[in-house]
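Remarks on the structure that follows.
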Amino acid sequence: MNRAEEFQELRPLLFSIAYRILGSVSEAEDAVQETWLRFGASPTQPTSTKAFLSAAVTRISIDVLRSARVRREEYVGSWFPEPLLADPYEDPERSAELADSVSMAALLLLERLSPLERAVFVLREVFGFGFPEIASAVDRSEAACRQLAVRARRHMDEGRPRFEADRREREELAERFFDAFREGEVAGLRELLAADVHMVSDSGGKAPQWGTGIFGAENVARVLAAIVPPFARIGGVVEPHEVNGQPGAIFRDRDGKVLNTWTLDILDGRIQTIRTVINPDKLGHVGPVADAWAVLREANQARRPTD
């Protein structure tokens, strides 16, 4: 097998490592491309191609994350990871870790970690790398990496919900939610929402959003029910779709262009959080992006006056 074939075989793993460290599809793809360039420029064949490439993509991702942190501090409104429709890497032995670590909630928890803690946690807890490999990847001693792993795990465990819904229950509840949403049923929506549900969007100041969010089952249910009729009237489509391993949806305009993505956090039989990514800069990899302002204007014009 030549270098190009070896790289292509490992590309899904490299992307998945980079995405979890960076929370960005575009930055992860760039990190993987840079890894390929370094691999191609290496004068010697590494003993372990997997170890070499994993270390390279990790180092590149740490450097990118350090500079991205500065930009994220200046970000307008809530910052969410770029939506991921499908994780290219699969490992049956680590399927639970892989699925859990790519959720919006988990990626937002990872934002609390330092870049080094985040990289160590991803390599160790998600992908099961040994500490010798991790130490080589992040250029720290094994003892230091063990300490970083313990700290990172503690931070992650403190922020996790106590009880996770199983996949089938989540999917069934999400199906009922989107059925009620399409019908604009306030009562049907309200009974599926947690009392303290939070609906919040990431627009980056580049698209319409609901301020800092909407709180409470009654408020969220009424807003949701009010969205549907004008959106449907102008040809908008709500396409249920798994996003970041969670129940969610892609909203499209009449031409099929992407308006936003939704993810639903489900716990204890209720929807706890609805996260919307509407920043056009974060949607290009999903498909051609709609003009959210134009869609909003048209939807507002399509609203029928109430009696």
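Ordering of the structure tokens sets the chain letters (A, B, ...), residue numbers begin anew at 1 in every chain, and ligands are numbered from 1 in the order given.
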Picked from segment 137-170 of chain A by DSSP as helix (DSSP H, G or I), as a PDB file with all heavy atoms, in the first residue's frame:
ATOM      1  N   ALA A 137       2.075  12.541  20.761  1.00  0.00           N
ATOM      2  CA  ALA A 137       1.249  13.443  19.958  1.00  0.00           C
ATOM      3  C   ALA A 137       1.233  14.861  20.499  1.00  0.00           C
ATOM      4  O   ALA A 137       1.252  15.830  19.731  1.00  0.00           O
ATOM      5  CB  ALA A 137      -0.184  12.904  19.880  1.00  0.00           C
ATOM      6  N   VAL A 138       1.175  15.013  21.833  1.00  0.00           N
ATOM      7  CA  VAL A 138       1.050  16.360  22.415  1.00  0.00           C
ATOM      8  C   VAL A 138       2.375  16.876  22.982  1.00  0.00           C
ATOM      9  O   VAL A 138       2.428  17.955  23.566  1.00  0.00           O
ATOM     10  CB  VAL A 138      -0.044  16.419  23.503  1.00  0.00           C
ATOM     11  CG1 VAL A 138      -1.386  15.982  22.931  1.00  0.00           C
ATOM     12  CG2 VAL A 138       0.324  15.565  24.718  1.00  0.00           C
ATOM     13  N   GLU A 142       4.339  11.088  29.721  1.00  0.00           N
ATOM     14  CA  GLU A 142       3.169  10.247  29.995  1.00  0.00           C
ATOM     15  C   GLU A 142       2.508  10.643  31.302  1.00  0.00           C
ATOM     16  O   GLU A 142       1.279  10.674  31.407  1.00  0.00           O
ATOM     17  CB  GLU A 142       3.584   8.774  30.044  1.00  0.00           C
ATOM     18  CG  GLU A 142       3.831   8.169  28.668  1.00  0.00           C
ATOM     19  CD  GLU A 142       4.087   6.671  28.759  1.00  0.00           C
ATOM     20  OE1 GLU A 142       3.332   5.980  29.475  1.00  0.00           O
ATOM     21  OE2 GLU A 142       5.050   6.204  28.114  1.00  0.00           O
ATOM     22  N   ALA A 143       3.321  10.973  32.311  1.00  0.00           N
ATOM     23  CA  ALA A 143       2.764  11.374  33.613  1.00  0.00           C
ATOM     24  C   ALA A 143       1.927  12.637  33.470  1.00  0.00           C
ATOM     25  O   ALA A 143       0.827  12.741  34.030  1.00  0.00           O
ATOM     26  CB  ALA A 143       3.886  11.590  34.619  1.00  0.00           C
ATOM     27  N   ALA A 144       2.435  13.595  32.697  1.00  0.00           N
ATOM     28  CA  ALA A 144       1.688  14.848  32.487  1.00  0.00           C
ATOM     29  C   ALA A 144       0.388  14.573  31.742  1.00  0.00           C
ATOM     30  O   ALA A 144      -0.659  15.163  32.053  1.00  0.00           O
ATOM     31  CB  ALA A 144       2.544  15.846  31.711  1.00  0.00           C
ATOM     32  N   CYS A 145       0.426  13.663  30.784  1.00  0.00           N
ATOM     33  CA  CYS A 145      -0.780  13.325  30.016  1.00  0.00           C
ATOM     34  C   CYS A 145      -1.819  12.643  30.900  1.00  0.00           C
ATOM     35  O   CYS A 145      -3.022  12.876  30.743  1.00  0.00           O
ATOM     36  CB  CYS A 145      -0.425  12.433  28.828  1.00  0.00           C
ATOM     37  SG  CYS A 145       0.455  13.308  27.520  1.00  0.00           S
ATOM     38  N   ARG A 146      -1.358  11.798  31.820  1.00  0.00           N
ATOM     39  CA  ARG A 146      -2.299  11.158  32.747  1.00  0.00           C
ATOM     40  C   ARG A 146      -2.998  12.204  33.615  1.00  0.00           C
ATOM     41  O   ARG A 146      -4.209  12.119  33.859  1.00  0.00           O
ATOM     42  CB  ARG A 146      -1.570  10.140  33.624  1.00  0.00           C
ATOM     43  CG  ARG A 146      -1.138   8.898  32.871  1.00  0.00           C
ATOM     44  CD  ARG A 146      -0.400   7.915  33.771  1.00  0.00           C
ATOM     45  NE  ARG A 146       0.175   6.840  32.984  1.00  0.00           N
ATOM     46  CZ  ARG A 146      -0.473   5.753  32.572  1.00  0.00           C
ATOM     47  NH1 ARG A 146      -1.744   5.606  32.901  1.00  0.00           N
ATOM     48  NH2 ARG A 146       0.124   4.822  31.856  1.00  0.00           N
ATOM     49  N   GLN A 147      -2.243  13.201  34.068  1.00  0.00           N
ATOM     50  CA  GLN A 147      -2.839  14.272  34.880  1.00  0.00           C
ATOM     51  C   GLN A 147      -3.831  15.087  34.057  1.00  0.00           C
ATOM     52  O   GLN A 147      -4.913  15.437  34.537  1.00  0.00           O
ATOM     53  CB  GLN A 147      -1.743  15.189  35.428  1.00  0.00           C
ATOM     54  CG  GLN A 147      -0.902  14.549  36.519  1.00  0.00           C
ATOM     55  CD  GLN A 147       0.156  15.504  37.053  1.00  0.00           C
ATOM     56  OE1 GLN A 147       0.722  16.307  36.305  1.00  0.00           O
ATOM     57  NE2 GLN A 147       0.436  15.414  38.343  1.00  0.00           N
ATOM     58  N   LEU A 148      -3.457  15.387  32.820  1.00  0.00           N
ATOM     59  CA  LEU A 148      -4.359  16.125  31.928  1.00  0.00           C
ATOM     60  C   LEU A 148      -5.645  15.330  31.702  1.00  0.00           C
ATOM     61  O   LEU A 148      -6.748  15.896  31.687  1.00  0.00           O
ATOM     62  CB  LEU A 148      -3.672  16.395  30.584  1.00  0.00           C
ATOM     63  CG  LEU A 148      -2.583  17.466  30.571  1.00  0.00           C
ATOM     64  CD1 LEU A 148      -1.737  17.360  29.299  1.00  0.00           C
ATOM     65  CD2 LEU A 148      -3.197  18.864  30.659  1.00  0.00           C
ATOM     66  N   ALA A 149      -5.520  14.024  31.542  1.00  0.00           N
ATOM     67  CA  ALA A 149      -6.690  13.179  31.300  1.00  0.00           C
ATOM     68  C   ALA A 149      -7.621  13.170  32.507  1.00  0.00           C
ATOM     69  O   ALA A 149      -8.840  13.249  32.357  1.00  0.00           O
ATOM     70  CB  ALA A 149      -6.248  11.752  30.957  1.00  0.00           C
ATOM     71  N   VAL A 150      -7.039  13.079  33.718  1.00  0.00           N
ATOM     72  CA  VAL A 150      -7.846  13.070  34.939  1.00  0.00           C
ATOM     73  C   VAL A 150      -8.592  14.393  35.086  1.00  0.00           C
ATOM     74  O   VAL A 150      -9.791  14.421  35.390  1.00  0.00           O
ATOM     75  CB  VAL A 150      -6.954  12.815  36.181  1.00  0.00           C
ATOM     76  CG1 VAL A 150      -7.720  13.093  37.468  1.00  0.00           C
ATOM     77  CG2 VAL A 150      -6.445  11.378  36.164  1.00  0.00           C
ATOM     78  N   ARG A 151      -7.884  15.504  34.865  1.00  0.00           N
ATOM     79  CA  ARG A 151      -8.516  16.832  34.972  1.00  0.00           C
ATOM     80  C   ARG A 151      -9.632  16.988  33.959  1.00  0.00           C
ATOM     81  O   ARG A 151     -10.716  17.473  34.273  1.00  0.00           O
ATOM     82  CB  ARG A 151      -7.465  17.931  34.759  1.00  0.00           C
ATOM     83  CG  ARG A 151      -6.799  18.414  36.016  1.00  0.00           C
ATOM     84  CD  ARG A 151      -6.315  19.854  35.910  1.00  0.00           C
ATOM     85  NE  ARG A 151      -5.545  20.148  34.725  1.00  0.00           N
ATOM     86  CZ  ARG A 151      -4.222  20.010  34.633  1.00  0.00           C
ATOM     87  NH1 ARG A 151      -3.529  19.523  35.640  1.00  0.00           N
ATOM     88  NH2 ARG A 151      -3.586  20.323  33.521  1.00  0.00           N
ATOM     89  N   ALA A 152      -9.354  16.585  32.724  1.00  0.00           N
ATOM     90  CA  ALA A 152     -10.351  16.727  31.658  1.00  0.00           C
ATOM     91  C   ALA A 152     -11.580  15.870  31.946  1.00  0.00           C
ATOM     92  O   ALA A 152     -12.723  16.325  31.787  1.00  0.00           O
ATOM     93  CB  ALA A 152      -9.736  16.319  30.322  1.00  0.00           C
ATOM     94  N   ARG A 153     -11.361  14.636  32.402  1.00  0.00           N
ATOM     95  CA  ARG A 153     -12.484  13.746  32.699  1.00  0.00           C
ATOM     96  C   ARG A 153     -13.347  14.311  33.820  1.00  0.00           C
ATOM     97  O   ARG A 153     -14.572  14.244  33.775  1.00  0.00           O
ATOM     98  CB  ARG A 153     -11.972  12.357  33.078  1.00  0.00           C
ATOM     99  CG  ARG A 153     -13.049  11.275  33.039  1.00  0.00           C
ATOM    100  CD  ARG A 153     -12.501   9.921  33.450  1.00  0.00           C
ATOM    101  NE  ARG A 153     -11.350   9.533  32.652  1.00  0.00           N
ATOM    102  CZ  ARG A 153     -10.136   9.304  33.167  1.00  0.00           C
ATOM    103  NH1 ARG A 153      -9.916   9.445  34.465  1.00  0.00           N
ATOM    104  NH2 ARG A 153      -9.152   8.934  32.394  1.00  0.00           N
ATOM    105  N   ARG A 154     -12.699  14.904  34.832  1.00  0.00           N
ATOM    106  CA  ARG A 154     -13.452  15.494  35.947  1.00  0.00           C
ATOM    107  C   ARG A 154     -14.329  16.641  35.458  1.00  0.00           C
ATOM    108  O   ARG A 154     -15.498  16.733  35.804  1.00  0.00           O
ATOM    109  CB  ARG A 154     -12.487  15.967  37.033  1.00  0.00           C
ATOM    110  CG  ARG A 154     -13.202  16.442  38.306  1.00  0.00           C
ATOM    111  CD  ARG A 154     -12.234  16.737  39.422  1.00  0.00           C
ATOM    112  NE  ARG A 154     -11.329  17.838  39.097  1.00  0.00           N
ATOM    113  CZ  ARG A 154     -10.017  17.725  38.982  1.00  0.00           C
ATOM    114  NH1 ARG A 154      -9.426  16.550  39.151  1.00  0.00           N
ATOM    115  NH2 ARG A 154      -9.266  18.766  38.686  1.00  0.00           N
ATOM    116  N   HIS A 155     -13.756  17.518  34.631  1.00  0.00           N
ATOM    117  CA  HIS A 155     -14.529  18.653  34.092  1.00  0.00           C
ATOM    118  C   HIS A 155     -15.706  18.155  33.255  1.00  0.00           C
ATOM    119  O   HIS A 155     -16.812  18.693  33.341  1.00  0.00           O
ATOM    120  CB  HIS A 155     -13.639  19.546  33.221  1.00  0.00           C
ATOM    121  CG  HIS A 155     -12.678  20.387  33.996  1.00  0.00           C
ATOM    122  ND1 HIS A 155     -13.062  21.135  35.082  1.00  0.00           N
ATOM    123  CD2 HIS A 155     -11.346  20.598  33.828  1.00  0.00           C
ATOM    124  CE1 HIS A 155     -11.989  21.777  35.558  1.00  0.00           C
ATOM    125  NE2 HIS A 155     -10.952  21.461  34.821  1.00  0.00           N
ATOM    126  N   MET A 156     -15.469  17.133  32.447  1.00  0.00           N
ATOM    127  CA  MET A 156     -16.527  16.612  31.589  1.00  0.00           C
ATOM    128  C   MET A 156     -17.624  15.950  32.415  1.00  0.00           C
ATOM    129  O   MET A 156     -18.815  16.153  32.171  1.00  0.00           O
ATOM    130  CB  MET A 156     -15.944  15.620  30.578  1.00  0.00           C
ATOM    131  CG  MET A 156     -15.011  16.249  29.550  1.00  0.00           C
ATOM    132  SD  MET A 156     -15.823  17.450  28.461  1.00  0.00           S
ATOM    133  CE  MET A 156     -16.769  16.349  27.408  1.00  0.00           C
ATOM    134  N   ASP A 157     -17.230  15.158  33.419  1.00  0.00           N
ATOM    135  CA  ASP A 157     -18.218  14.466  34.249  1.00  0.00           C
ATOM    136  C   ASP A 157     -19.080  15.439  35.047  1.00  0.00           C
ATOM    137  O   ASP A 157     -20.271  15.201  35.264  1.00  0.00           O
ATOM    138  CB  ASP A 157     -17.519  13.489  35.210  1.00  0.00           C
ATOM    139  CG  ASP A 157     -16.970  12.265  34.488  1.00  0.00           C
ATOM    140  OD1 ASP A 157     -17.383  12.038  33.335  1.00  0.00           O
ATOM    141  OD2 ASP A 157     -16.133  11.557  35.071  1.00  0.00           O
ATOM    142  N   GLU A 158     -18.480  16.557  35.475  1.00  0.00           N
ATOM    143  CA  GLU A 158     -19.234  17.551  36.257  1.00  0.00           C
ATOM    144  C   GLU A 158     -20.344  18.183  35.430  1.00  0.00           C
ATOM    145  O   GLU A 158     -21.381  18.565  35.966  1.00  0.00           O
ATOM    146  CB  GLU A 158     -18.288  18.648  36.772  1.00  0.00           C
ATOM    147  CG  GLU A 158     -17.417  18.211  37.944  1.00  0.00           C
ATOM    148  CD  GLU A 158     -16.328  19.232  38.252  1.00  0.00           C
ATOM    149  OE1 GLU A 158     -16.243  20.253  37.526  1.00  0.00           O
ATOM    150  OE2 GLU A 158     -15.560  18.993  39.198  1.00  0.00           O
ATOM    151  N   GLY A 159     -20.142  18.296  34.126  1.00  0.00           N
ATOM    152  CA  GLY A 159     -21.119  18.983  33.288  1.00  0.00           C
ATOM    153  C   GLY A 159     -22.135  18.081  32.618  1.00  0.00           C
ATOM    154  O   GLY A 159     -23.095  18.558  32.015  1.00  0.00           O
ATOM    155  N   ARG A 167     -31.247   5.720  22.601  1.00  0.00           N
ATOM    156  CA  ARG A 167     -31.389   6.223  21.227  1.00  0.00           C
ATOM    157  C   ARG A 167     -32.818   6.076  20.702  1.00  0.00           C
ATOM    158  O   ARG A 167     -33.358   7.009  20.097  1.00  0.00           O
ATOM    159  CB  ARG A 167     -30.399   5.486  20.325  1.00  0.00           C
ATOM    160  CG  ARG A 167     -30.472   5.868  18.851  1.00  0.00           C
ATOM    161  CD  ARG A 167     -29.328   5.261  18.091  1.00  0.00           C
ATOM    162  NE  ARG A 167     -28.075   5.903  18.450  1.00  0.00           N
ATOM    163  CZ  ARG A 167     -27.616   7.021  17.867  1.00  0.00           C
ATOM    164  NH1 ARG A 167     -28.324   7.604  16.922  1.00  0.00           N
ATOM    165  NH2 ARG A 167     -26.482   7.538  18.230  1.00  0.00           N
ATOM    166  N   ARG A 168     -33.437   4.919  20.926  1.00  0.00           N
ATOM    167  CA  ARG A 168     -34.781   4.701  20.377  1.00  0.00           C
ATOM    168  C   ARG A 168     -35.791   5.668  21.004  1.00  0.00           C
ATOM    169  O   ARG A 168     -36.642   6.215  20.312  1.00  0.00           O
ATOM    170  CB  ARG A 168     -35.219   3.243  20.600  1.00  0.00           C
ATOM    171  CG  ARG A 168     -36.421   2.854  19.733  1.00  0.00           C
ATOM    172  CD  ARG A 168     -36.831   1.424  19.995  1.00  0.00           C
ATOM    173  NE  ARG A 168     -37.328   1.268  21.350  1.00  0.00           N
ATOM    174  CZ  ARG A 168     -37.340   0.111  22.006  1.00  0.00           C
ATOM    175  NH1 ARG A 168     -36.856  -0.964  21.443  1.00  0.00           N
ATOM    176  NH2 ARG A 168     -37.823   0.034  23.219  1.00  0.00           N
ATOM    177  N   GLU A 169     -35.686   5.863  22.315  1.00  0.00           N
ATOM    178  CA  GLU A 169     -36.592   6.798  22.995  1.00  0.00           C
ATOM    179  C   GLU A 169     -36.426   8.210  22.448  1.00  0.00           C
ATOM    180  O   GLU A 169     -37.408   8.925  22.229  1.00  0.00           O
ATOM    181  CB  GLU A 169     -36.330   6.797  24.510  1.00  0.00           C
ATOM    182  CG  GLU A 169     -36.837   5.559  25.213  1.00  0.00           C
ATOM    183  CD  GLU A 169     -36.459   5.549  26.689  1.00  0.00           C
ATOM    184  OE1 GLU A 169     -35.850   6.540  27.162  1.00  0.00           O
ATOM    185  OE2 GLU A 169     -36.755   4.558  27.367  1.00  0.00           O
ATOM    186  N   ARG A 170     -35.179   8.605  22.230  1.00  0.00           N
ATOM    187  CA  ARG A 170     -34.921   9.947  21.679  1.00  0.00           C
ATOM    188  C   ARG A 170     -35.545  10.100  20.302  1.00  0.00           C
ATOM    189  O   ARG A 170     -36.157  11.118  19.988  1.00  0.00           O
ATOM    190  CB  ARG A 170     -33.403  10.196  21.577  1.00  0.00           C
ATOM    191  CG  ARG A 170     -32.701  10.432  22.889  1.00  0.00           C
ATOM    192  CD  ARG A 170     -31.279  10.881  22.681  1.00  0.00           C
ATOM    193  NE  ARG A 170     -30.585  10.136  21.632  1.00  0.00           N
ATOM    194  CZ  ARG A 170     -29.321  10.313  21.305  1.00  0.00           C
ATOM    195  NH1 ARG A 170     -28.603  11.216  21.919  1.00  0.00           N
ATOM    196  NH2 ARG A 170     -28.752   9.607  20.366  1.00  0.00           N
TER     197      ARG A 170
END
With 12 Å as the cut-off and only C-alpha atoms counted, what is the closest atom pair between each nearby residue of segment 53-115 of chain A and segment 223-244 of chain A? Distances in Å to one decimal, ordered by chain and number, as CSV.
residue,atom,partner,partner_atom,distance
A:Phe80,CA,A:Asn244,CA,11.5
A:Pro81,CA,A:Asn244,CA,9.4
A:Glu82,CA,A:Asn244,CA,9.1
A:Pro83,CA,A:Asn244,CA,6.2
A:Leu84,CA,A:Asn244,CA,5.0
A:Leu85,CA,A:Val243,CA,4.8
A:Ala86,CA,A:Asn244,CA,7.1
A:Asp87,CA,A:Asn244,CA,7.9
A:Pro88,CA,A:Asn244,CA,11.7
A:Leu98,CA,A:Asn244,CA,10.5
A:Ala99,CA,A:Asn244,CA,8.1
A:Asp100,CA,A:Asn244,CA,9.1
A:Ser101,CA,A:Asn244,CA,9.0
A:Val102,CA,A:Asn244,CA,5.5
A:Ser103,CA,A:Asn244,CA,4.9
A:Met104,CA,A:Asn244,CA,6.4
A:Ala105,CA,A:Asn244,CA,9.6
A:Ala106,CA,A:Asn244,CA,9.9
A:Leu107,CA,A:Asn244,CA,9.5
A:Leu108,CA,A:Asn244,CA,11.9
Can you spit out the residues from that selection as an mmCIF file, in the first residue's frame, using N, CA, C and O atoms?
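The resulting file, result35.cif, is shown below:
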data_model
loop_
_atom_site.group_PDB
_atom_site.id
_atom_site.type_symbol
_atom_site.label_atom_id
_atom_site.label_comp_id
_atom_site.auth_asym_id
_atom_site.auth_seq_id
_atom_site.Cartn_x
_atom_site.Cartn_y
_atom_site.Cartn_z
ATOM 1 N N PHE A 80 -21.830 27.871 18.748
ATOM 2 C CA PHE A 80 -22.045 26.435 18.709
ATOM 3 C C PHE A 80 -21.078 25.818 17.701
ATOM 4 O O PHE A 80 -20.644 26.492 16.757
ATOM 5 N N PRO A 81 -20.763 24.540 17.850
ATOM 6 C CA PRO A 81 -19.949 23.853 16.843
ATOM 7 C C PRO A 81 -20.650 23.848 15.487
ATOM 8 O O PRO A 81 -21.870 23.976 15.412
ATOM 9 N N GLU A 82 -19.866 23.689 14.434
ATOM 10 C CA GLU A 82 -20.474 23.521 13.111
ATOM 11 C C GLU A 82 -21.200 22.179 13.078
ATOM 12 O O GLU A 82 -20.662 21.170 13.529
ATOM 13 N N PRO A 83 -22.432 22.153 12.571
ATOM 14 C CA PRO A 83 -23.194 20.896 12.579
ATOM 15 C C PRO A 83 -22.523 19.816 11.747
ATOM 16 O O PRO A 83 -22.011 20.069 10.662
ATOM 17 N N LEU A 84 -22.533 18.609 12.290
ATOM 18 C CA LEU A 84 -21.966 17.446 11.604
ATOM 19 C C LEU A 84 -23.099 16.477 11.308
ATOM 20 O O LEU A 84 -23.762 15.991 12.225
ATOM 21 N N LEU A 85 -23.338 16.196 10.029
ATOM 22 C CA LEU A 85 -24.451 15.329 9.655
ATOM 23 C C LEU A 85 -24.109 13.854 9.806
ATOM 24 O O LEU A 85 -24.978 13.042 10.101
ATOM 25 N N ALA A 86 -22.850 13.500 9.603
ATOM 26 C CA ALA A 86 -22.449 12.095 9.736
ATOM 27 C C ALA A 86 -20.968 12.033 10.085
ATOM 28 O O ALA A 86 -20.156 12.731 9.478
ATOM 29 N N ASP A 87 -20.644 11.224 11.079
ATOM 30 C CA ASP A 87 -19.250 11.029 11.469
ATOM 31 C C ASP A 87 -18.647 9.974 10.545
ATOM 32 O O ASP A 87 -19.151 8.849 10.474
ATOM 33 N N PRO A 88 -17.571 10.293 9.815
ATOM 34 C CA PRO A 88 -17.044 9.333 8.834
ATOM 35 C C PRO A 88 -16.333 8.138 9.464
ATOM 36 O O PRO A 88 -16.130 7.123 8.803
ATOM 37 N N LEU A 98 -17.848 7.323 20.724
ATOM 38 C CA LEU A 98 -17.853 8.141 19.511
ATOM 39 C C LEU A 98 -19.152 8.933 19.388
ATOM 40 O O LEU A 98 -19.147 10.127 19.085
ATOM 41 N N ALA A 99 -20.281 8.273 19.644
ATOM 42 C CA ALA A 99 -21.581 8.932 19.512
ATOM 43 C C ALA A 99 -21.751 10.021 20.555
ATOM 44 O O ALA A 99 -22.193 11.129 20.257
ATOM 45 N N ASP A 100 -21.380 9.712 21.793
ATOM 46 C CA ASP A 100 -21.561 10.678 22.885
ATOM 47 C C ASP A 100 -20.688 11.909 22.676
ATOM 48 O O ASP A 100 -21.124 13.039 22.918
ATOM 49 N N SER A 101 -19.467 11.698 22.199
ATOM 50 C CA SER A 101 -18.496 12.800 22.141
ATOM 51 C C SER A 101 -18.765 13.793 21.023
ATOM 52 O O SER A 101 -18.190 14.883 21.004
ATOM 53 N N VAL A 102 -19.650 13.447 20.087
ATOM 54 C CA VAL A 102 -19.895 14.345 18.963
ATOM 55 C C VAL A 102 -21.170 15.170 19.151
ATOM 56 O O VAL A 102 -21.469 16.050 18.344
ATOM 57 N N SER A 103 -21.920 14.927 20.239
ATOM 58 C CA SER A 103 -23.145 15.698 20.471
ATOM 59 C C SER A 103 -22.807 17.166 20.730
ATOM 60 O O SER A 103 -21.701 17.502 21.181
ATOM 61 N N MET A 104 -23.754 18.042 20.446
ATOM 62 C CA MET A 104 -23.542 19.470 20.694
ATOM 63 C C MET A 104 -23.205 19.718 22.163
ATOM 64 O O MET A 104 -22.317 20.505 22.495
ATOM 65 N N ALA A 105 -23.941 19.035 23.059
ATOM 66 C CA ALA A 105 -23.719 19.240 24.492
ATOM 67 C C ALA A 105 -22.291 18.853 24.881
ATOM 68 O O ALA A 105 -21.621 19.575 25.633
ATOM 69 N N ALA A 106 -21.808 17.707 24.367
ATOM 70 C CA ALA A 106 -20.452 17.261 24.701
ATOM 71 C C ALA A 106 -19.405 18.201 24.122
ATOM 72 O O ALA A 106 -18.414 18.537 24.787
ATOM 73 N N LEU A 107 -19.603 18.645 22.888
ATOM 74 C CA LEU A 107 -18.641 19.556 22.268
ATOM 75 C C LEU A 107 -18.589 20.900 22.997
ATOM 76 O O LEU A 107 -17.531 21.513 23.114
ATOM 77 N N LEU A 108 -19.727 21.347 23.506
ATOM 78 C CA LEU A 108 -19.736 22.588 24.277
ATOM 79 C C LEU A 108 -19.042 22.389 25.623
ATOM 80 O O LEU A 108 -18.379 23.306 26.125
#
In Å, how far is it from atom CA of Glu93 of chain A to atom CA of Phe127 of chain A?
9.8 Å
In segment 84-279 of chain A, DSSP strand (DSSP E or B) residues written as an mmCIF file with C-alpha atoms, in the first residue's frame:
data_model
loop_
_atom_site.group_PDB
_atom_site.id
_atom_site.type_symbol
_atom_site.label_atom_id
_atom_site.label_comp_id
_atom_site.auth_asym_id
_atom_site.auth_seq_id
_atom_site.Cartn_x
_atom_site.Cartn_y
_atom_site.Cartn_z
ATOM 1 C CA LEU A 193 -40.816 20.183 26.329
ATOM 2 C CA ALA A 194 -39.124 20.331 29.721
ATOM 3 C CA ALA A 195 -40.527 23.053 31.985
ATOM 4 C CA ASP A 196 -37.225 24.958 31.777
ATOM 5 C CA VAL A 197 -36.536 24.224 28.112
ATOM 6 C CA HIS A 198 -34.139 26.640 26.404
ATOM 7 C CA MET A 199 -34.230 27.493 22.700
ATOM 8 C CA VAL A 200 -31.126 29.335 21.542
ATOM 9 C CA SER A 201 -29.492 30.108 18.198
ATOM 10 C CA ASP A 202 -25.997 30.727 16.845
ATOM 11 C CA ILE A 214 -36.296 31.705 24.651
ATOM 12 C CA PHE A 215 -36.969 30.002 27.971
ATOM 13 C CA VAL A 237 -39.301 22.511 4.309
ATOM 14 C CA VAL A 238 -38.384 20.944 7.664
ATOM 15 C CA GLU A 239 -36.292 17.835 7.008
ATOM 16 C CA PRO A 240 -35.775 15.680 10.134
ATOM 17 C CA VAL A 243 -27.245 16.174 13.509
ATOM 18 C CA GLN A 246 -28.707 13.691 17.986
ATOM 19 C CA GLY A 248 -32.513 17.218 14.714
ATOM 20 C CA ALA A 249 -33.530 18.778 11.434
ATOM 21 C CA ILE A 250 -32.364 20.781 8.463
ATOM 22 C CA PHE A 251 -34.567 23.725 7.471
ATOM 23 C CA ARG A 252 -34.565 24.510 3.750
ATOM 24 C CA VAL A 258 -30.068 25.405 3.838
ATOM 25 C CA LEU A 259 -31.545 27.942 6.246
ATOM 26 C CA ASN A 260 -30.417 26.396 9.528
ATOM 27 C CA THR A 261 -29.952 23.171 11.465
ATOM 28 C CA TRP A 262 -31.582 22.161 14.738
ATOM 29 C CA THR A 263 -30.451 19.704 17.386
ATOM 30 C CA LEU A 264 -32.583 18.485 20.278
ATOM 31 C CA ASP A 265 -31.154 17.631 23.702
ATOM 32 C CA ILE A 266 -33.483 14.992 25.169
ATOM 33 C CA LEU A 267 -33.430 13.878 28.798
ATOM 34 C CA ARG A 270 -38.513 15.734 27.529
ATOM 35 C CA ILE A 271 -36.679 18.115 25.219
ATOM 36 C CA GLN A 272 -34.306 20.155 27.358
ATOM 37 C CA THR A 273 -32.593 22.336 24.753
ATOM 38 C CA ILE A 274 -33.175 23.253 21.109
ATOM 39 C CA ARG A 275 -29.996 24.556 19.480
ATOM 40 C CA THR A 276 -30.171 26.290 16.123
ATOM 41 C CA VAL A 277 -27.171 27.005 13.910
#
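The two atoms in question, atom CA of His285 of chain A and atom CA of Ile21 of chain A, are spaced 18.2 Å apart.
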Residue with the minimum atom-to-atom distance to Leu192 of chain A, picked from A:Pro115, A:Gly284, A:Gly23, A:Gly216 with only C-alpha atoms counted, is A:Gly216
Hey, what's within 7 Å of segment 286-297 of chain A if we count only C-alpha atoms and toss same-chain stuff fewer than 4 positions away? As a ChimeraX atom specification, please?
/A:207-208,253,257-259,280,301
How would the residues just picked look written out with N, CA and C atoms as a compact mmCIF listing (two decimals), in the first residue's frame?
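To be explicit, this is the file written out as result-v2.txt:
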# COMPACT_ATOMS: atom_id res chain seq x y z
N ALA A 207 -27.11 36.55 10.83
CA ALA A 207 -28.44 36.06 10.45
C ALA A 207 -29.40 36.39 11.59
N PRO A 208 -30.70 36.34 11.33
CA PRO A 208 -31.66 36.64 12.40
C PRO A 208 -31.57 35.62 13.53
N ASP A 253 -35.16 26.38 2.33
CA ASP A 253 -36.11 27.27 1.66
C ASP A 253 -36.72 26.54 0.47
N LYS A 257 -32.26 25.29 -0.45
CA LYS A 257 -31.06 25.84 0.19
C LYS A 257 -31.21 25.77 1.71
N VAL A 258 -30.07 25.62 2.39
CA VAL A 258 -30.07 25.40 3.84
C VAL A 258 -30.25 26.72 4.57
N LEU A 259 -31.27 26.76 5.42
CA LEU A 259 -31.54 27.94 6.25
C LEU A 259 -30.88 27.81 7.61
N PRO A 280 -24.50 31.59 8.47
CA PRO A 280 -24.24 31.02 7.13
C PRO A 280 -22.81 30.50 6.98
N GLN A 301 -44.14 38.58 5.65
CA GLN A 301 -45.18 39.07 4.72
C GLN A 301 -46.29 38.05 4.55
